[in-house]
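A.B. asks: What follows is a single structure, and I will ask about it in a moment.
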Number of protein chains: 2
Amino acid sequence: MSTPTIPATALQLRSLVKKSGELELSLQNVPVPQPADDEVLVRVEATPINPSDLALLFGLADMSTAKASGTAANPVITAQVPEKMMRGLAGRLDESMPVGNEGAGTVVKAGSSPEAQALVGKTVAILGGAMYGQYRAVKAKQALLLPAGTTAAEGASCFVNPLTSLSMTEVMRREGHKALVHTAAASNLGQMLNRICMKDGIALVNIVRKPEQAEILKKIGAKYIVDSSSPSFMEDLTKALIETGATLCFDAIGGGKLAGQVLTCMEAAANANAKEYSRYGSNVHKQVYIYGGLDRSPTELNRSFGMQWGVGGWLLTPFLQKIGFADAQKLRERVAAELKTTFASHYTREVSLAEALSLEAINAYGKQATGTKYLITPQKGL
Amino acid sequence: MSTPTIPATALQLRSLVKKSGELELSLQNVPVPQPADDEVLVRVEATPINPSDLALLFGLADMSTAKASGTAANPVITAQVPEKMMRGLAGRLDESMPVGNEGAGTVVKAGSSPEAQALVGKTVAILGGAMYGQYRAVKAKQALLLPAGTTAAEGASCFVNPLTSLSMTEVMRREGHKALVHTAAASNLGQMLNRICMKDGIALVNIVRKPEQAEILKKIGAKYIVDSSSPSFMEDLTKALIETGATLCFDAIGGGKLAGQVLTCMEAAANANAKEYSRYGSNVHKQVYIYGGLDRSPTELNRSFGMQWGVGGWLLTPFLQKIGFADAQKLRERVAAELKTTFASHYTREVSLAEALSLEAINAYGKQATGTKYLITPQKGL
């Protein structure tokens, strides 16, 4: 195998929020790092734009104010951050930040350790931040070796969506629930969750917001689909909850009344067969974990669901830390084994780093619309 | 000891919500029960009106519509239940329900079992429902024998407030928090919690809604008191949270923005010493348990507190079930031992069963105002 030519510097996408309240997105030429003894240098070939990347990328700016400048090869995007959002950004002001949670590529150089050397020439996937760039040095043990015959594009989304959806079923088991509810259910992650649940025999209630999203899920074989835009939403949801016994919901929406409506219907389902009046509601614990924020407005809970309920934030990384390395590794291994089936991701479009910073692209992936998913291919030219 | 005269029938307070949407409160003459072998018959001498009794008593009726009829000895109160509340009451419609969570009195008769016989003539406290009446039969093992020299009035509130406040400190320890926040903190329960925390060396941040409530707590020696009506509330609370490290709040208010504000200030406190920006917020888990509903409006969470948070309902009984009999018994024994000090309750007024059903009394105890607490003495005449 010939040694690939490694440049001295390479492109990296950067997000900067200035004290003035201006967001600036640009490409910087940064030195390509030398791997330490236990590290490998990865030429990043594919890295997805996940909803979870957007907070860091856009820095809470109002992207409807976005303006393009610079050149096609060196685009610069600026946008205004609303005044009230600035307090939450104090920790990153005037600091140019790399972006990108996960990706995949080829190990082009390695440190002296045997673990690092063993990966030279291999295709690996990485969860580590700063992936929107052409090169990334990481510890060898952080790099997940992809099965032979897997391309970087196929392995780019190994972690965020696969581990998140798989962990949802793991939380369900660990916290004693028997079925699941998922919102924004026609998303890439939602479709993946349907494939896991079908394979594992878990009943999954899919909540969507539009009839066309229900269609997407019908086509892939989802059994329980309810549309929150329907006038019979509460009845439909309650019926599905009675049938499935689902008392755990993962919610990607966050804002508005949906989380509370789910709890209300869970309580109605719990009481559907109750024989005795209890002033405190049912004794069935009902839980909603909010893991996304598609609706940034406040969460509104009318508490018409007794006293046995919980709503909380949920994030993948602390969950994996909590269950420990061995159990987390089992989840990772299942993802690697089923990467081309259960955990396959599909992309609407592949873009270069520069193309990712066009107003047209930002307008498309920034919407987080169902079915729109971009893959950055950093080695691609303009 | 002479055998007390036990009547064939005695008074019991009843709450009835009719299908028509009318609440009716009245006194019924009901047969005095014969204790079974393992039961004791208690002549109820003192039973408090706790906030937790009001939901069953008032049946979600709008008490501003209350009307009095009947006679002084046999008062009848009627009020209208708002249409939208009726769905939640389906389980109790047209059923005349006894009320009253806890109370104390003298064992006047006992079944044949040695445990029951041992209690004859003794003063006992009971948590068991249906306490707003003149007699109550319960299992002997449900009756808590009060220390010699304790009156029924002193022992009437042995369970709800003492076990709830003591359990709050127990939840704190079990869930790994180091200090507490409490809202509506000048309440009877709040003052009790202050006495527990002072005795046990637990830092407690008291949130009140009025300067005069802050005064009540200052007088009993509370160290951290913040007033949510003050313009500097958020700053004051954050400062107290930085000093105490409190990451667990028990909230009696429920509705509005307070629960979210507490989480926001906890997050600000967690980040006060953070060195690095994290787009997902701090890694400190912040928890609010809502155990009351002084504000019945929706809980509004703006989620400006990262992803490591939880809000949930909290109830004493499921908590005691969860920790198991032995651990719960330790809490009960501590309450009995410190009934006249840490866990002493104070009452604004003692009323008979008939007096409890006067518009004037309902107007007073129904407000759940700080410092207002009624004790029903069912053996008292008109």
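FYI, nothing fancy with the structure tokens labels: chains A, B, ... in order, residues from 1 per chain, ligands from 1 as they appear.
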At a cut-off of 9 Å, which residues of chain A touch chain B? Count only C-alpha atoms and give the answer as a PyMOL selection string.

C.D. replies: chain A and resi 55-56+59+88-92+254-255+274-281+283+287+289-291+296-304+306-315+318

A.B. asks: Based on the selection just made, write C-alpha atoms of those residues as an mmCIF file, in the first residue's frame.

C.D. replies:
data_model
loop_
_atom_site.group_PDB
_atom_site.id
_atom_site.type_symbol
_atom_site.label_atom_id
_atom_site.label_comp_id
_atom_site.auth_asym_id
_atom_site.auth_seq_id
_atom_site.Cartn_x
_atom_site.Cartn_y
_atom_site.Cartn_z
ATOM 1 C CA ALA A 55 -26.774 24.078 18.059
ATOM 2 C CA LEU A 56 -22.997 24.314 17.989
ATOM 3 C CA GLY A 59 -24.776 29.138 17.850
ATOM 4 C CA GLY A 88 -26.425 31.007 27.177
ATOM 5 C CA LEU A 89 -23.444 31.469 24.861
ATOM 6 C CA ALA A 90 -21.126 33.242 27.315
ATOM 7 C CA GLY A 91 -18.801 30.225 27.390
ATOM 8 C CA ARG A 92 -17.998 30.304 23.658
ATOM 9 C CA GLY A 254 -39.536 19.444 23.371
ATOM 10 C CA GLY A 255 -41.676 22.583 23.221
ATOM 11 C CA ALA A 274 -59.075 0.853 36.715
ATOM 12 C CA LYS A 275 -61.844 -0.228 39.069
ATOM 13 C CA GLU A 276 -61.430 2.315 41.848
ATOM 14 C CA TYR A 277 -61.223 6.108 41.949
ATOM 15 C CA SER A 278 -57.881 7.437 43.127
ATOM 16 C CA ARG A 279 -57.661 11.155 43.734
ATOM 17 C CA TYR A 280 -53.937 11.057 42.974
ATOM 18 C CA GLY A 281 -54.326 9.320 39.643
ATOM 19 C CA ASN A 283 -50.088 4.234 40.224
ATOM 20 C CA GLN A 287 -42.047 9.050 31.637
ATOM 21 C CA TYR A 289 -37.522 12.023 27.932
ATOM 22 C CA ILE A 290 -36.909 15.103 25.817
ATOM 23 C CA TYR A 291 -33.842 14.472 23.655
ATOM 24 C CA ARG A 296 -37.876 25.751 20.962
ATOM 25 C CA SER A 297 -40.906 27.181 22.799
ATOM 26 C CA PRO A 298 -41.502 26.284 26.477
ATOM 27 C CA THR A 299 -42.702 22.811 27.448
ATOM 28 C CA GLU A 300 -46.230 23.170 28.828
ATOM 29 C CA LEU A 301 -47.487 20.531 31.251
ATOM 30 C CA ASN A 302 -51.068 20.801 32.520
ATOM 31 C CA ARG A 303 -50.412 18.003 35.041
ATOM 32 C CA SER A 304 -53.728 16.277 34.307
ATOM 33 C CA GLY A 306 -51.828 12.150 38.327
ATOM 34 C CA MET A 307 -48.648 12.230 40.379
ATOM 35 C CA GLN A 308 -46.692 9.284 38.935
ATOM 36 C CA TRP A 309 -44.901 10.972 36.080
ATOM 37 C CA GLY A 310 -41.556 12.355 35.028
ATOM 38 C CA VAL A 311 -40.265 14.601 32.270
ATOM 39 C CA GLY A 312 -36.559 15.054 31.789
ATOM 40 C CA GLY A 313 -33.721 15.779 29.428
ATOM 41 C CA TRP A 314 -31.974 12.814 27.855
ATOM 42 C CA LEU A 315 -28.593 12.674 26.172
ATOM 43 C CA PRO A 318 -24.254 10.439 29.871
#

A.B. asks: Name the residues in contact with range 15-30 of chain B at a cut-off of 7 Å, using only C-alpha atoms, excluding same-chain residues fewer than 3 positions from it; report them as a compact mmCIF listing (two decimals) with N, CA, C and O atoms, in the first residue's frame.

C.D. replies:
# COMPACT_ATOMS: atom_id res chain seq x y z
N THR B 9 -74.69 4.38 65.86
CA THR B 9 -74.35 5.15 64.66
C THR B 9 -73.60 6.40 65.08
O THR B 9 -73.67 6.83 66.23
N ALA B 10 -72.86 6.97 64.13
CA ALA B 10 -72.10 8.18 64.43
C ALA B 10 -71.91 8.99 63.15
O ALA B 10 -72.19 8.51 62.05
N LEU B 11 -71.43 10.22 63.32
CA LEU B 11 -71.32 11.13 62.17
C LEU B 11 -70.08 10.85 61.33
O LEU B 11 -69.01 10.51 61.85
N GLN B 12 -70.24 11.01 60.03
CA GLN B 12 -69.09 10.95 59.11
C GLN B 12 -69.28 12.01 58.03
O GLN B 12 -70.38 12.17 57.50
N LEU B 57 -61.93 16.28 49.12
CA LEU B 57 -63.02 16.98 49.80
C LEU B 57 -63.82 17.84 48.82
O LEU B 57 -65.05 17.75 48.75
N GLY B 59 -63.51 17.96 45.46
CA GLY B 59 -63.81 17.33 44.17
C GLY B 59 -63.60 18.24 42.98
O GLY B 59 -64.36 18.19 42.02
N ALA B 61 -64.32 21.19 42.63
CA ALA B 61 -65.38 22.19 42.46
C ALA B 61 -64.81 23.60 42.60
O ALA B 61 -63.77 23.81 43.24
N ASN B 74 -76.74 19.83 60.96
CA ASN B 74 -76.64 19.03 59.74
C ASN B 74 -76.45 19.92 58.52
O ASN B 74 -77.32 20.00 57.65
N PRO B 75 -75.30 20.59 58.45
CA PRO B 75 -75.08 21.53 57.35
C PRO B 75 -74.89 20.80 56.02
O PRO B 75 -74.41 19.67 56.00
N VAL B 76 -75.29 21.44 54.95
CA VAL B 76 -75.04 20.91 53.60
C VAL B 76 -74.41 22.04 52.78
O VAL B 76 -74.90 23.17 52.79
N ILE B 77 -73.31 21.72 52.13
CA ILE B 77 -72.64 22.70 51.27
C ILE B 77 -72.75 22.18 49.84
O ILE B 77 -72.47 21.01 49.58
N THR B 78 -73.14 23.06 48.92
CA THR B 78 -73.13 22.67 47.51
C THR B 78 -72.27 23.65 46.72
O THR B 78 -72.14 24.81 47.09
N ALA B 79 -71.66 23.15 45.64
CA ALA B 79 -70.83 24.01 44.77
C ALA B 79 -70.79 23.38 43.39
O ALA B 79 -71.07 22.18 43.23
N GLN B 80 -70.44 24.17 42.40
CA GLN B 80 -70.41 23.69 41.02
C GLN B 80 -69.00 23.23 40.62
O GLN B 80 -68.03 23.92 40.87
N VAL B 81 -68.95 22.08 39.97
CA VAL B 81 -67.68 21.60 39.41
C VAL B 81 -67.60 22.09 37.96
O VAL B 81 -68.53 21.85 37.18
N LEU B 93 -68.08 9.67 40.43
CA LEU B 93 -69.39 10.32 40.26
C LEU B 93 -70.51 9.54 40.96
O LEU B 93 -70.55 8.31 40.90
N ASP B 94 -71.39 10.30 41.63
CA ASP B 94 -72.56 9.73 42.33
C ASP B 94 -72.18 8.75 43.43
O ASP B 94 -73.01 7.91 43.83
N GLU B 95 -70.93 8.85 43.89
CA GLU B 95 -70.51 7.98 44.99
C GLU B 95 -70.17 8.85 46.20
O GLU B 95 -69.29 9.71 46.11
N SER B 96 -70.86 8.64 47.29
CA SER B 96 -70.64 9.44 48.50
C SER B 96 -69.35 8.97 49.17
O SER B 96 -69.25 7.82 49.58
N MET B 97 -68.34 9.88 49.23
CA MET B 97 -67.02 9.43 49.67
C MET B 97 -66.62 10.00 51.02
O MET B 97 -66.71 11.21 51.24
N PRO B 98 -66.10 9.14 51.92
CA PRO B 98 -65.53 9.66 53.16
C PRO B 98 -64.18 10.33 52.87
O PRO B 98 -63.55 10.06 51.85

A.B. asks: As a list in words, please: the residues near Ser113 in chain B (cut-off 9 Å, only C-alpha atoms, same-chain neighbours under 6 positions excluded).

C.D. replies: Asp37, Asp38, Glu39 and Ala140 of chain B

A.B. asks: Considering only C-alpha atoms, can you say which of A:Ala354, A:Ala252, A:Ala361, A:Val40 comes closest to Lys109 in chain A?

C.D. replies: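 Distance minimum relative to Lys109 in chain A lands on A:Val40.
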
A.B. asks: As a PDB file with N, CA, C and O atoms, in the first residue's frame, please: the residues near Leu353 in chain A (cut-off 9 Å, only C-alpha atoms, same-chain neighbours under 4 positions excluded).

C.D. replies:
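So out07.pdb came out as:
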ATOM      1  N   LEU A  11      -8.409  22.023   5.351  1.00  0.00           N
ATOM      2  CA  LEU A  11      -9.582  22.835   5.691  1.00  0.00           C
ATOM      3  C   LEU A  11     -10.318  22.296   6.916  1.00  0.00           C
ATOM      4  O   LEU A  11     -10.422  21.089   7.121  1.00  0.00           O
ATOM      5  N   GLN A  12     -10.828  23.239   7.695  1.00  0.00           N
ATOM      6  CA  GLN A  12     -11.698  22.874   8.816  1.00  0.00           C
ATOM      7  C   GLN A  12     -12.823  23.905   8.910  1.00  0.00           C
ATOM      8  O   GLN A  12     -12.561  25.105   8.800  1.00  0.00           O
ATOM      9  N   LEU A  13     -14.043  23.438   9.091  1.00  0.00           N
ATOM     10  CA  LEU A  13     -15.178  24.344   9.228  1.00  0.00           C
ATOM     11  C   LEU A  13     -15.190  24.904  10.647  1.00  0.00           C
ATOM     12  O   LEU A  13     -15.009  24.164  11.612  1.00  0.00           O
ATOM     13  N   LEU A  27     -14.403  28.591   6.551  1.00  0.00           N
ATOM     14  CA  LEU A  27     -13.435  27.497   6.474  1.00  0.00           C
ATOM     15  C   LEU A  27     -12.061  28.063   6.822  1.00  0.00           C
ATOM     16  O   LEU A  27     -11.652  29.101   6.309  1.00  0.00           O
ATOM     17  N   TYR A 132     -16.018  18.159  11.010  1.00  0.00           N
ATOM     18  CA  TYR A 132     -16.211  18.897   9.766  1.00  0.00           C
ATOM     19  C   TYR A 132     -14.877  19.508   9.338  1.00  0.00           C
ATOM     20  O   TYR A 132     -14.654  20.714   9.432  1.00  0.00           O
ATOM     21  N   GLY A 133     -13.989  18.630   8.866  1.00  0.00           N
ATOM     22  CA  GLY A 133     -12.674  19.061   8.431  1.00  0.00           C
ATOM     23  C   GLY A 133     -12.077  17.938   7.611  1.00  0.00           C
ATOM     24  O   GLY A 133     -12.660  16.850   7.505  1.00  0.00           O
ATOM     25  N   GLN A 134     -10.913  18.179   7.065  1.00  0.00           N
ATOM     26  CA  GLN A 134     -10.347  17.157   6.177  1.00  0.00           C
ATOM     27  C   GLN A 134      -9.525  16.096   6.902  1.00  0.00           C
ATOM     28  O   GLN A 134      -9.390  14.976   6.413  1.00  0.00           O
ATOM     29  N   LEU A 357     -21.495  25.446   3.365  1.00  0.00           N
ATOM     30  CA  LEU A 357     -21.640  26.847   3.793  1.00  0.00           C
ATOM     31  C   LEU A 357     -22.262  27.713   2.694  1.00  0.00           C
ATOM     32  O   LEU A 357     -21.879  28.876   2.529  1.00  0.00           O
ATOM     33  N   ILE A 376     -21.543  15.614   4.550  1.00  0.00           N
ATOM     34  CA  ILE A 376     -20.388  16.391   4.080  1.00  0.00           C
ATOM     35  C   ILE A 376     -19.284  15.416   3.675  1.00  0.00           C
ATOM     36  O   ILE A 376     -18.964  14.476   4.417  1.00  0.00           O
ATOM     37  N   THR A 377     -18.735  15.639   2.501  1.00  0.00           N
ATOM     38  CA  THR A 377     -17.606  14.825   2.027  1.00  0.00           C
ATOM     39  C   THR A 377     -16.410  15.769   1.901  1.00  0.00           C
ATOM     40  O   THR A 377     -16.199  16.379   0.861  1.00  0.00           O
ATOM     41  N   PRO A 378     -15.634  15.879   2.980  1.00  0.00           N
ATOM     42  CA  PRO A 378     -14.621  16.947   3.078  1.00  0.00           C
ATOM     43  C   PRO A 378     -13.485  16.847   2.060  1.00  0.00           C
ATOM     44  O   PRO A 378     -12.762  17.825   1.855  1.00  0.00           O
ATOM     45  N   GLN A 379     -13.321  15.670   1.439  1.00  0.00           N
ATOM     46  CA  GLN A 379     -12.229  15.532   0.474  1.00  0.00           C
ATOM     47  C   GLN A 379     -12.643  16.023  -0.911  1.00  0.00           C
ATOM     48  O   GLN A 379     -11.794  16.155  -1.803  1.00  0.00           O
ATOM     49  N   LYS A 380     -13.926  16.248  -1.077  1.00  0.00           N
ATOM     50  CA  LYS A 380     -14.464  16.694  -2.357  1.00  0.00           C
ATOM     51  C   LYS A 380     -14.069  18.150  -2.572  1.00  0.00           C
ATOM     52  O   LYS A 380     -14.092  18.956  -1.636  1.00  0.00           O
ATOM     53  N   GLY A 381     -13.722  18.511  -3.836  1.00  0.00           N
ATOM     54  CA  GLY A 381     -13.396  19.906  -4.145  1.00  0.00           C
ATOM     55  C   GLY A 381     -14.646  20.756  -4.143  1.00  0.00           C
ATOM     56  O   GLY A 381     -15.690  20.341  -3.646  1.00  0.00           O
ATOM     57  N   LEU A 382     -14.555  21.950  -4.675  1.00  0.00           N
ATOM     58  CA  LEU A 382     -15.691  22.859  -4.707  1.00  0.00           C
ATOM     59  C   LEU A 382     -16.937  22.173  -5.252  1.00  0.00           C
ATOM     60  O   LEU A 382     -18.027  22.578  -4.942  1.00  0.00           O
TER      61      LEU A 382
END
